[in-house]
Structures are given as C-alpha cells and as structure tokens.
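*Asks:* Dropping in input_38.cif, with mmCIF, C-alpha atoms.
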data_coords
#
loop_
_atom_site.label_atom_id
_atom_site.label_comp_id
_atom_site.auth_asym_id
_atom_site.auth_seq_id
_atom_site.Cartn_x
_atom_site.Cartn_y
_atom_site.Cartn_z
CA MET G 1 -10.73 14.41 4.00
CA ALA G 2 -7.83 15.70 1.97
CA THR G 3 -5.90 14.01 -0.83
CA ILE G 4 -2.14 14.12 -0.39
CA THR G 5 0.06 13.73 -3.45
CA LYS G 6 3.58 12.46 -3.92
CA LYS G 7 4.75 15.98 -4.73
CA GLU G 8 3.42 17.25 -1.42
CA LEU G 9 5.24 14.57 0.57
CA ILE G 10 8.45 15.16 -1.37
CA ASP G 11 8.32 18.87 -0.53
CA ARG G 12 7.72 18.08 3.12
CA ILE G 13 10.51 15.50 3.36
CA SER G 14 12.92 17.79 1.56
CA GLU G 15 12.23 20.50 4.11
CA LYS G 16 12.38 18.22 7.14
CA THR G 17 15.52 16.33 6.16
CA ASN G 18 17.37 19.25 4.56
CA ASN G 19 17.90 17.35 1.34
CA LYS G 20 17.43 18.90 -2.08
CA ARG G 21 14.00 18.33 -3.59
CA VAL G 22 15.53 16.62 -6.61
CA VAL G 23 17.37 14.11 -4.40
CA VAL G 24 14.26 13.30 -2.37
CA LYS G 25 12.16 12.99 -5.51
CA ARG G 26 14.58 10.56 -7.10
CA ILE G 27 14.81 8.37 -4.00
CA VAL G 28 11.04 8.28 -3.43
CA GLN G 29 10.43 7.47 -7.10
CA TYR G 30 13.00 4.66 -7.03
CA PHE G 31 11.38 3.31 -3.90
CA LEU G 32 7.90 3.19 -5.48
CA ASP G 33 9.29 1.76 -8.74
CA GLU G 34 11.12 -0.99 -6.89
CA ILE G 35 7.88 -1.96 -5.14
CA ILE G 36 6.03 -2.17 -8.47
CA ASP G 37 8.87 -4.19 -9.92
CA GLU G 38 8.99 -6.69 -7.08
CA LEU G 39 5.22 -7.16 -7.08
CA GLY G 40 5.43 -7.74 -10.82
CA HIS G 41 7.82 -10.58 -10.06
CA ASP G 42 5.39 -12.08 -7.54
CA ASN G 43 7.51 -11.04 -4.62
CA ARG G 44 6.18 -9.82 -1.29
CA LEU G 45 7.31 -6.61 0.36
CA GLU G 46 7.41 -6.39 4.10
CA PHE G 47 8.08 -3.01 5.70
CA ARG G 48 8.17 -3.34 9.44
CA ASP G 49 5.58 -1.18 11.26
CA PHE G 50 4.15 -0.04 7.95
CA GLY G 51 2.70 -3.11 6.31
CA VAL G 52 2.98 -5.84 3.71
CA PHE G 53 2.35 -5.66 -0.04
CA GLU G 54 1.52 -8.93 -1.74
CA SER G 55 0.67 -9.74 -5.31
CA LYS G 56 -2.27 -12.08 -5.69
CA ARG G 57 -2.80 -14.11 -8.81
CA ARG G 58 -5.94 -15.83 -10.01
CA ALA G 59 -5.50 -18.25 -12.87
CA ALA G 60 -7.49 -18.04 -16.08
CA ARG G 61 -10.62 -20.15 -15.80
CA VAL G 62 -13.83 -21.02 -17.61
CA ALA G 63 -16.97 -19.75 -15.92
CA GLN G 64 -20.54 -20.58 -16.77
CA ASN G 65 -23.45 -18.18 -16.84
CA PRO G 66 -26.02 -19.96 -14.60
CA LYS G 67 -28.97 -18.58 -16.58
CA THR G 68 -27.86 -19.13 -20.16
CA LEU G 69 -25.39 -21.96 -19.37
CA GLU G 70 -23.04 -20.14 -21.72
CA ARG G 71 -19.36 -20.77 -21.00
CA VAL G 72 -17.14 -17.71 -20.68
CA GLN G 73 -13.36 -17.56 -20.62
CA VAL G 74 -12.28 -15.49 -17.61
CA PRO G 75 -8.75 -14.07 -18.06
CA PRO G 76 -6.14 -14.35 -15.29
CA LYS G 77 -6.25 -11.52 -12.81
CA ARG G 78 -3.57 -9.91 -10.70
CA THR G 79 -4.19 -7.65 -7.77
CA VAL G 80 -2.16 -6.30 -4.91
CA LYS G 81 -3.14 -6.81 -1.31
CA PHE G 82 -1.92 -4.46 1.36
CA LYS G 83 -1.94 -5.56 4.97
CA VAL G 84 -1.60 -2.88 7.62
CA GLY G 85 1.43 -3.20 9.89
CA ARG G 86 1.69 -3.02 13.65
CA LEU G 87 2.58 0.65 14.07
CA MET G 88 0.04 1.82 11.53
CA LYS G 89 -2.67 -0.20 13.24
CA MET G 90 -1.73 1.34 16.58
CA ARG G 91 -1.78 4.85 15.20
CA LEU G 92 -5.12 4.33 13.53
CA SER G 93 -6.81 3.00 16.64
CA LYS G 94 -5.20 5.68 18.82
CA GLN G 95 -6.76 8.22 16.52
CA ASP G 96 -10.22 6.83 17.28
CA GLU G 97 -9.77 7.00 21.02
CA ALA G 98 -8.43 10.55 21.20
CA PRO G 99 -9.03 12.46 17.98
CA ASN G 100 -6.96 15.62 17.87
CA ASP G 101 -7.84 19.04 16.45
CA ARG G 102 -6.63 18.19 13.01
CA SER G 103 -8.71 15.06 12.52
CA VAL G 104 -11.79 16.87 13.76
CA ALA G 105 -11.07 19.63 11.28
CA VAL G 106 -10.78 17.32 8.29
CA GLU G 107 -13.99 15.52 9.20
CA SER G 108 -16.11 18.66 9.08
CA MET K 1 8.21 -16.03 -3.96
CA ALA K 2 10.69 -13.94 -2.04
CA THR K 3 10.12 -11.42 0.74
CA ILE K 4 11.84 -8.09 0.18
CA THR K 5 12.53 -5.87 3.16
CA LYS K 6 12.92 -2.13 3.57
CA LYS K 7 16.62 -2.59 4.24
CA GLU K 8 17.09 -4.40 0.96
CA LEU K 9 15.39 -1.65 -1.04
CA ILE K 10 17.39 1.04 0.80
CA ASP K 11 20.64 -0.71 -0.13
CA ARG K 12 19.56 -0.98 -3.74
CA ILE K 13 18.42 2.65 -4.01
CA SER K 14 21.59 3.87 -2.34
CA GLU K 15 23.64 2.01 -4.92
CA LYS K 16 21.57 3.08 -7.92
CA THR K 17 21.25 6.75 -6.99
CA ASN K 18 24.73 7.18 -5.52
CA ASN K 19 23.36 8.54 -2.27
CA LYS K 20 24.65 7.52 1.13
CA ARG K 21 22.71 4.70 2.76
CA VAL K 22 21.95 6.89 5.78
CA VAL K 23 20.40 9.58 3.54
CA VAL K 24 18.25 7.09 1.63
CA LYS K 25 17.18 5.40 4.84
CA ARG K 26 16.08 8.67 6.40
CA ILE K 27 14.10 9.76 3.35
CA VAL K 28 12.38 6.38 2.91
CA GLN K 29 11.50 6.27 6.61
CA TYR K 30 10.09 9.79 6.51
CA PHE K 31 8.07 8.85 3.48
CA LEU K 32 6.50 5.81 5.17
CA ASP K 33 5.92 7.75 8.41
CA GLU K 34 4.16 10.55 6.55
CA ILE K 35 1.84 8.01 4.93
CA ILE K 36 0.95 6.51 8.32
CA ASP K 37 0.40 9.99 9.72
CA GLU K 38 -1.89 11.11 6.92
CA LEU K 39 -3.94 7.91 7.05
CA GLY K 40 -4.25 8.44 10.80
CA HIS K 41 -5.82 11.81 10.01
CA ASP K 42 -8.29 10.22 7.60
CA ASN K 43 -6.52 11.61 4.59
CA ARG K 44 -6.13 9.81 1.30
CA LEU K 45 -2.78 9.39 -0.45
CA GLU K 46 -2.67 9.31 -4.20
CA PHE K 47 0.63 8.41 -5.89
CA ARG K 48 0.23 8.57 -9.63
CA ASP K 49 1.00 5.25 -11.39
CA PHE K 50 1.52 3.55 -8.06
CA GLY K 51 -1.81 3.60 -6.30
CA VAL K 52 -4.07 5.09 -3.66
CA PHE K 53 -4.06 4.53 0.10
CA GLU K 54 -7.29 5.22 1.89
CA SER K 55 -8.28 4.89 5.50
CA LYS K 56 -11.67 3.28 6.01
CA ARG K 57 -13.63 3.76 9.19
CA ARG K 58 -16.52 1.71 10.52
CA ALA K 59 -18.42 3.26 13.39
CA ALA K 60 -19.01 1.44 16.67
CA ARG K 61 -22.29 -0.44 16.56
CA VAL K 62 -24.42 -2.87 18.49
CA ALA K 63 -24.73 -6.30 16.90
CA GLN K 64 -27.03 -9.11 17.90
CA ASN K 65 -26.18 -12.77 18.05
CA PRO K 66 -28.97 -14.37 15.95
CA LYS K 67 -28.96 -17.58 18.01
CA THR K 68 -28.84 -16.22 21.56
CA LEU K 69 -30.32 -12.78 20.72
CA GLU K 70 -27.57 -11.42 22.93
CA ARG K 71 -26.55 -7.86 22.06
CA VAL K 72 -22.85 -7.22 21.61
CA GLN K 73 -21.05 -3.89 21.42
CA VAL K 74 -18.79 -3.93 18.32
CA PRO K 75 -15.96 -1.39 18.62
CA PRO K 76 -15.13 1.01 15.78
CA LYS K 77 -12.70 -0.37 13.25
CA ARG K 78 -10.13 1.28 11.04
CA THR K 79 -8.45 -0.32 8.08
CA VAL K 80 -6.43 0.85 5.13
CA LYS K 81 -7.43 0.11 1.57
CA PHE K 82 -4.86 0.12 -1.18
CA LYS K 83 -5.99 0.52 -4.77
CA VAL K 84 -3.51 -0.41 -7.48
CA GLY K 85 -2.57 2.44 -9.84
CA ARG K 86 -2.42 2.51 -13.61
CA LEU K 87 1.25 1.73 -14.14
CA MET K 88 1.31 -1.04 -11.54
CA LYS K 89 -1.75 -2.62 -13.12
CA MET K 90 -0.07 -2.50 -16.54
CA ARG K 91 3.12 -4.04 -15.25
CA LEU K 92 1.27 -6.80 -13.44
CA SER K 93 -0.75 -7.80 -16.50
CA LYS K 94 2.28 -7.51 -18.77
CA GLN K 95 3.98 -9.99 -16.47
CA ASP K 96 1.21 -12.50 -17.08
CA GLU K 97 1.45 -12.24 -20.84
CA ALA K 98 5.21 -12.51 -21.15
CA PRO K 99 6.85 -13.77 -17.98
CA ASN K 100 10.59 -13.19 -18.08
CA ASP K 101 13.42 -15.33 -16.74
CA ARG K 102 13.30 -13.80 -13.31
CA SER K 103 9.62 -14.47 -12.68
CA VAL K 104 10.07 -18.04 -13.83
CA ALA K 105 12.93 -18.44 -11.41
CA VAL K 106 11.01 -17.16 -8.39
CA GLU K 107 8.02 -19.34 -9.22
CA SER K 108 9.98 -22.56 -9.10
#
Write the structure described by the file as structure tokens, please.

*Replies:*
Amino acid sequence: MATITKKELIDRISEKTNNKRVVVKRIVQYFLDEIIDELGHDNRLEFRDFGVFESKRRAARVAQNPKTLERVQVPPKRTVKFKVGRLMKMRLSKQDEAPNDRSVAVES
Amino acid sequence: MATITKKELIDRISEKTNNKRVVVKRIVQYFLDEIIDELGHDNRLEFRDFGVFESKRRAARVAQNPKTLERVQVPPKRTVKFKVGRLMKMRLSKQDEAPNDRSVAVES
C-alpha cells in the first residue's frame, strides 16, 4: 500500500492535461479549500460518481460516569462523513473480482 | 443546509482563479478520477490539512445465522474511510465557537 500525496497528483494532472504545474496546483488547492469552507458552513458536497461529504454535528451534552456518578460536560463535536459514490463503488468492487498486476504488486 | 455540486465549485474556482471553466473542469475531474483510481489500487491518499482517504477491505467469510444455524457466504466488501485533516478540524471547531452570519443563515 502506497501513500499518494497532493503534490504527486498535481504533477500527474499537469502532465496529463498539459497545464502548468502552478495552474493545476492553484485549482486543486482552491477545490479542497472550498470543500473545507462549505463543510464549515454545515453544507453538504455531492460530487456525482465520486461521493458525498457531509458535516455531522453533535451538540454539547452532560454525560455521567456510571461508576462514580460524576457528571461530565462533553463539548460539541464536529466530524465529516464521506459516502462513496456510484462509480467509486463500482471500481472498488471490480478490483476485487479481477485484481490487475498493479494491485497484486502493492499488496505484496 | 445546502447541497453544493461539482459544477458549482468549478464555476466558483474558474471565476476566482481566472481560468477558463473548461480548464478547471478538466483538472478537477482528473483529480477526482485519480483519487478513485488510487483507492481502487488499495492506495492511501493524504492531502495535508484536508484529510486522508483510505480504502478498507474485508475478506469474504462464512457467517452463521445464530437462530437457524444456517451458514451464509458473506462476499468481500470494500469501503472508503475519510479522516478529517488538521486544518479542516480547526475550521470546523472554530465554526462552533463563533458562528458567522452565513452559518446562521443556512441553519434557519
């Protein structure tokens, strides 16, 4: 299993699309920043085939330790849920049925 | 809560970066396709500040129905896990402390 970074994808996209690295970098960074921004405003992002990003919010609450009966203030929590889209799901399951050379290589 | 689409972000990025819509669209689409492709090959994607995408695999197994004792073949399953990055986490919690006009508007 390899870890792919943003830089690596930017290099690849720049090569494949014949756009300057600096242009690709700026667009990709804007794209990621816009996603963060929208999730911060409780909005949902739906990218067809890819998936859905959703911000989940849990309100602050008072919990009780069942052993000591002590009450504890639990702060509000925010997380992001990602739900896999149609195309991604298809590609992932296809991979399981007929793994190609590359996936075999990364598993070893 | 609003739903933001890929098209909407592409329009926005095109405007902000002064790049043609068609260029932004191609780069964003390549970016999403590369992510799907890498996850399909069991690779992990790490975008600093944004988060980490990881493909999780559960092997095929035989399960047993505890009531009927019937054995059932459970197929392998693949899902994608998204872990929120540092900057996104900061922005999300900041939002909770000091919600701005916009977040108030979308909540109503």

*Asks:* Report the residues retrieved by the PyMOL selection byres ((chain G and resi 89) around 12) from the displayed file, expressed as a PDB file with C-alpha atoms, in the coordinates of the input.

*Replies:*
ATOM      1  CA  ARG G  48       8.170  -3.340   9.440  1.00  0.00           C
ATOM      2  CA  ASP G  49       5.580  -1.180  11.260  1.00  0.00           C
ATOM      3  CA  PHE G  50       4.150  -0.040   7.950  1.00  0.00           C
ATOM      4  CA  GLY G  51       2.700  -3.110   6.310  1.00  0.00           C
ATOM      5  CA  LYS G  83      -1.940  -5.560   4.970  1.00  0.00           C
ATOM      6  CA  VAL G  84      -1.600  -2.880   7.620  1.00  0.00           C
ATOM      7  CA  GLY G  85       1.430  -3.200   9.890  1.00  0.00           C
ATOM      8  CA  ARG G  86       1.690  -3.020  13.650  1.00  0.00           C
ATOM      9  CA  LEU G  87       2.580   0.650  14.070  1.00  0.00           C
ATOM     10  CA  MET G  88       0.040   1.820  11.530  1.00  0.00           C
ATOM     11  CA  MET G  90      -1.730   1.340  16.580  1.00  0.00           C
ATOM     12  CA  ARG G  91      -1.780   4.850  15.200  1.00  0.00           C
ATOM     13  CA  LEU G  92      -5.120   4.330  13.530  1.00  0.00           C
ATOM     14  CA  SER G  93      -6.810   3.000  16.640  1.00  0.00           C
ATOM     15  CA  LYS G  94      -5.200   5.680  18.820  1.00  0.00           C
ATOM     16  CA  GLN G  95      -6.760   8.220  16.520  1.00  0.00           C
ATOM     17  CA  ASP G  96     -10.220   6.830  17.280  1.00  0.00           C
TER      18      ASP G  96
ATOM     19  CA  ILE K  36       0.950   6.510   8.320  1.00  0.00           C
ATOM     20  CA  ASP K  37       0.400   9.990   9.720  1.00  0.00           C
ATOM     21  CA  LEU K  39      -3.940   7.910   7.050  1.00  0.00           C
ATOM     22  CA  GLY K  40      -4.250   8.440  10.800  1.00  0.00           C
ATOM     23  CA  SER K  55      -8.280   4.890   5.500  1.00  0.00           C
ATOM     24  CA  LYS K  77     -12.700  -0.370  13.250  1.00  0.00           C
ATOM     25  CA  ARG K  78     -10.130   1.280  11.040  1.00  0.00           C
ATOM     26  CA  THR K  79      -8.450  -0.320   8.080  1.00  0.00           C
ATOM     27  CA  VAL K  80      -6.430   0.850   5.130  1.00  0.00           C
TER      28      VAL K  80
END

*Asks:* Just want the 12 Å neighbourhood of stretch 21-31 of chain G, counted on all atoms listed in the file, with same-chain residues fewer than 2 positions away dropped. Output as a PyMOL selection string.

*Replies:* (chain G and resi 6-19+33-38+45+47) or (chain K and resi 5-21+23-32+47-50)

*Asks:* Just the number, please: distance in Å from atom CA of K:Met1 to atom CA of G:Val52, one decimal.

*Replies:*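 Separating atom CA of K:Met1 from atom CA of G:Val52 is a distance of 13.8 Å.
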
*Asks:* Take atom CA of G:Arg61 and atom CA of G:Asp42 and report the distance between them in Å, one decimal.

*Replies:* 19.7 Å

*Asks:* What is the distance, in Å and to one decimal place, between atom CA of K:Arg58 and atom CA of K:Lys81?

*Replies:*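 Spanning atom CA of K:Arg58 to atom CA of K:Lys81 is a straight-line distance of 12.9 Å.
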
*Asks:* Using all atoms listed in the file for the distances, tell me which of G:Glu54, G:Pro75, G:Asn65, G:Phe82 is nearest to chain K.

*Replies:*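 Once distances to chain K are computed over all atoms listed in the file, the minimum belongs to G:Phe82.
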